[in-house]
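Below is one structure, written out as structure tokens, with a few remarks after it.
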Amino acid sequence: MTQQQRTTVRRLMDAYGQTHAEEAGIKLRNTPAPLYQLLALCVLFAVRIKADIAVAAARELFGAGMRTPQAMANSSWQDRVDALGRAHYRRYDESTATALGDGAELVLDRYRGDLRRLRDAAEGEPGRIRELLQEVLRIGPVGADIFCREAQGVWPELCPSFDDRAREAAAELGLPSSPEDLARLVDAETLPRLAAALVRAELTKNAVEDLLNSS
């Protein structure tokens with residue numbers, strides 16, 4: 001890595017290196033509750049809504065006690081709608097409340113509430129993990145990418161997870177654009193933050209130009 005790339009990575013991480021899980025207050029570990037919370041967050045991201053509203057909605061749901069698939073399934077549909085409403089998660093609140101309930105039931109029925117069993121069912125194969133994630137209502141390819149991008153810090157078999165947006169931002173910033181080369185820029189535990197930072201930079205107006213101009 002060149003000195004220029006080191007500087008770019010440092011500034012990128014300083015400006016944008018917070019994962020969605022961190023922002024939503026999820027202390028991500030390889031245990032059932034935080035893994036489910038990440039899945040629920042991905043469900044919230046699945047519609048055309050601002051990222052900060054999706055994160056706020058997750059905080060409201062978790063603050064109301066819906067931190068596990070059992071708690072989510074036990075909550076009433078109205079409880080979920082109300083929590084989403086407090087976060088101003090408009091237009092999609094009712095359908096998302098349904099999706100969250102149905103998704104929690106699937107996780108309970110198929111994986112006994114533990115997404116590590118999903119990983120086991122996929123035999124740790126990243127492509128198969130993505131396929132199984134997409135069986136959860138509202139989780140599509142983008143949602144599966146978000147989950148894998150953030151979970152790679154606790155599921156090493158997902159490393160390196162850098163989706164198209166992350167790789168595009170990397171190329172624009174003069175960084176390596178292959179997942180394997182990007183993974184060499186930081187230590188393994190920092191990979192989720194680097195992937196998130198690249199995506200945030202790609203989605204933020206003028207971010208790439210500002211980072212390049214400040215380098």
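Chain lettering (A, B, ...) mirrors the order of the structure tokens, residue numbering begins at 1 for each chain separately, and ligand numbering begins at 1 in order of display.
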Neighbouring residues of segment 149-154 of chain A were defined as those with any atom within 8 Å, considering only C-alpha atoms; residues of the same chain fewer than 4 positions away were excluded. Please report them as number ranges by chain.
A: 19-21, 28-30, 35, 145, 158-163, 188-193, 195-196
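Closest approach to Arg112 of chain A among A:Pro32, A:Glu172, A:Met66, A:Leu39 is made by A:Pro32 (distances from only C-alpha atoms).
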Leaving out Gly85 of chain A and any residue of its chain fewer than 5 positions from it, which residues lie within 10 Å of it when counting only C-alpha atoms, given as a tab-separated table (two decimals) with C-alpha atoms, in the first residue's frame?
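Result written to result32.tsv:
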chain	number	residue	atom	x	y	z
A	57	ALA	CA	-36.60	2.54	13.40
A	60	GLU	CA	-37.17	2.11	18.40
A	79	ASP	CA	-46.67	-2.54	18.59
A	80	ARG	CA	-44.37	-2.84	15.61
A	90	ARG	CA	-43.70	6.34	6.90
A	91	ARG	CA	-45.55	4.70	3.99
A	92	TYR	CA	-43.95	1.32	4.66
A	93	ASP	CA	-44.74	1.00	8.36
A	94	GLU	CA	-47.63	-1.44	8.06
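Among the candidates A:Arg6, A:Arg67, A:Arg128, A:Arg119, the one nearest to Ala104 of chain A when counting only C-alpha atoms is A:Arg67.
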Return the single residue from A:Ala40, A:Ala144, A:Leu84, A:Ala64 that is closest to Asp102 of chain A, with distances computed using only C-alpha atoms.
A:Ala40
As a PyMOL selection string, please: the residues near Thr96 of chain A (cut-off 12 Å, only C-alpha atoms, same-chain neighbours under 4 positions excluded).
chain A and resi 40-49+54+57-58+61+77-78+80-85+89-92+100-103+137-139
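Compared by their closest atoms to Leu118 of chain A, and using only C-alpha atoms, the residues A:Glu23, A:Ile146, A:Tyr36, A:Gly65 rank with A:Tyr36 nearest.
Those residues of segment 30-69 of chain A that DSSP, working from the backbone, places in helix (DSSP H, G or I) are A:Pro32, A:Ala33, A:Pro34, A:Leu35, A:Tyr36, A:Gln37, A:Leu38, A:Leu39, A:Ala40, A:Leu41, A:Cys42, A:Val43, A:Leu44, A:Ala51, A:Asp52, A:Ile53, A:Ala54, A:Val55, A:Ala56, A:Ala57, A:Ala58, A:Arg59, A:Glu60, A:Leu61, A:Phe62, A:Gly63, A:Pro69.
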Mind checking which residues fall within 8 Å of Ala24 of chain A, counting only C-alpha atoms, ignoring those fewer than 5 positions away in the same chain, and posting them as a list in words?
Val55, Ala56, Ala58 and Arg59 of chain A
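Atom CA of Pro69 of chain A sits 7.1 Å away from atom CA of Glu105 of chain A.
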My list of candidates is A:Leu173, A:Glu157, A:Ala183, A:Asp109. Which is closest to Pro126 of chain A when distances are computed with only C-alpha atoms?
A:Glu157
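Nearest residue to Ala87 of chain A, choosing from A:Gln5, A:Leu175, A:Lys50, A:Arg10 and counting only C-alpha atoms: A:Lys50.
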Give me the residues within 12 Å of Ala170 of chain A as a PDB file with C-alpha atoms, in the first residue's frame, counting only C-alpha atoms and dropping any in the same chain fewer than 2 places off.
ATOM      1  CA  GLN A   5      -3.448   4.990  -0.217  1.00  0.00           C
ATOM      2  CA  THR A   8      -6.918   7.936   1.740  1.00  0.00           C
ATOM      3  CA  VAL A   9      -7.901   4.938   3.882  1.00  0.00           C
ATOM      4  CA  LEU A  12     -12.112   7.533   4.544  1.00  0.00           C
ATOM      5  CA  PHE A 162     -17.227  -5.834  -0.612  1.00  0.00           C
ATOM      6  CA  ASP A 163     -20.235  -5.292  -2.849  1.00  0.00           C
ATOM      7  CA  ASP A 164     -20.292  -3.453  -6.184  1.00  0.00           C
ATOM      8  CA  ARG A 165     -20.748  -0.021  -4.616  1.00  0.00           C
ATOM      9  CA  ALA A 166     -17.822  -0.525  -2.265  1.00  0.00           C
ATOM     10  CA  ARG A 167     -15.560  -1.664  -5.107  1.00  0.00           C
ATOM     11  CA  GLU A 168     -16.640   1.250  -7.307  1.00  0.00           C
ATOM     12  CA  GLU A 172     -12.554   5.995  -7.724  1.00  0.00           C
ATOM     13  CA  LEU A 173     -10.380   6.626  -4.674  1.00  0.00           C
ATOM     14  CA  GLY A 174      -7.341   4.974  -6.223  1.00  0.00           C
ATOM     15  CA  LEU A 175      -7.563   1.952  -3.933  1.00  0.00           C
ATOM     16  CA  PRO A 176      -7.524  -1.700  -5.006  1.00  0.00           C
ATOM     17  CA  SER A 177     -10.915  -2.756  -6.333  1.00  0.00           C
ATOM     18  CA  SER A 178     -10.783  -6.507  -5.800  1.00  0.00           C
ATOM     19  CA  PRO A 179     -12.197  -7.812  -2.483  1.00  0.00           C
ATOM     20  CA  ASP A 181      -6.761  -6.696  -2.255  1.00  0.00           C
ATOM     21  CA  LEU A 182      -9.086  -4.431  -0.281  1.00  0.00           C
ATOM     22  CA  ALA A 183      -8.965  -6.901   2.598  1.00  0.00           C
ATOM     23  CA  LEU A 185      -5.605  -2.696   3.606  1.00  0.00           C
ATOM     24  CA  LEU A 194     -13.922  -0.331   5.666  1.00  0.00           C
ATOM     25  CA  ALA A 195     -16.699  -1.873   3.556  1.00  0.00           C
ATOM     26  CA  ALA A 196     -19.276   0.408   5.174  1.00  0.00           C
ATOM     27  CA  ALA A 197     -17.076   3.467   4.693  1.00  0.00           C
ATOM     28  CA  LEU A 198     -16.672   2.767   0.992  1.00  0.00           C
ATOM     29  CA  VAL A 199     -20.408   2.342   0.484  1.00  0.00           C
ATOM     30  CA  ARG A 200     -21.200   5.489   2.466  1.00  0.00           C
ATOM     31  CA  ALA A 201     -18.668   7.444   0.420  1.00  0.00           C
ATOM     32  CA  GLU A 202     -20.182   6.153  -2.817  1.00  0.00           C
ATOM     33  CA  VAL A 208     -15.176  10.806  -3.213  1.00  0.00           C
ATOM     34  CA  LEU A 211     -11.603  12.743  -0.049  1.00  0.00           C
ATOM     35  CA  LEU A 212      -9.406  12.935  -3.131  1.00  0.00           C
TER      36      LEU A 212
END
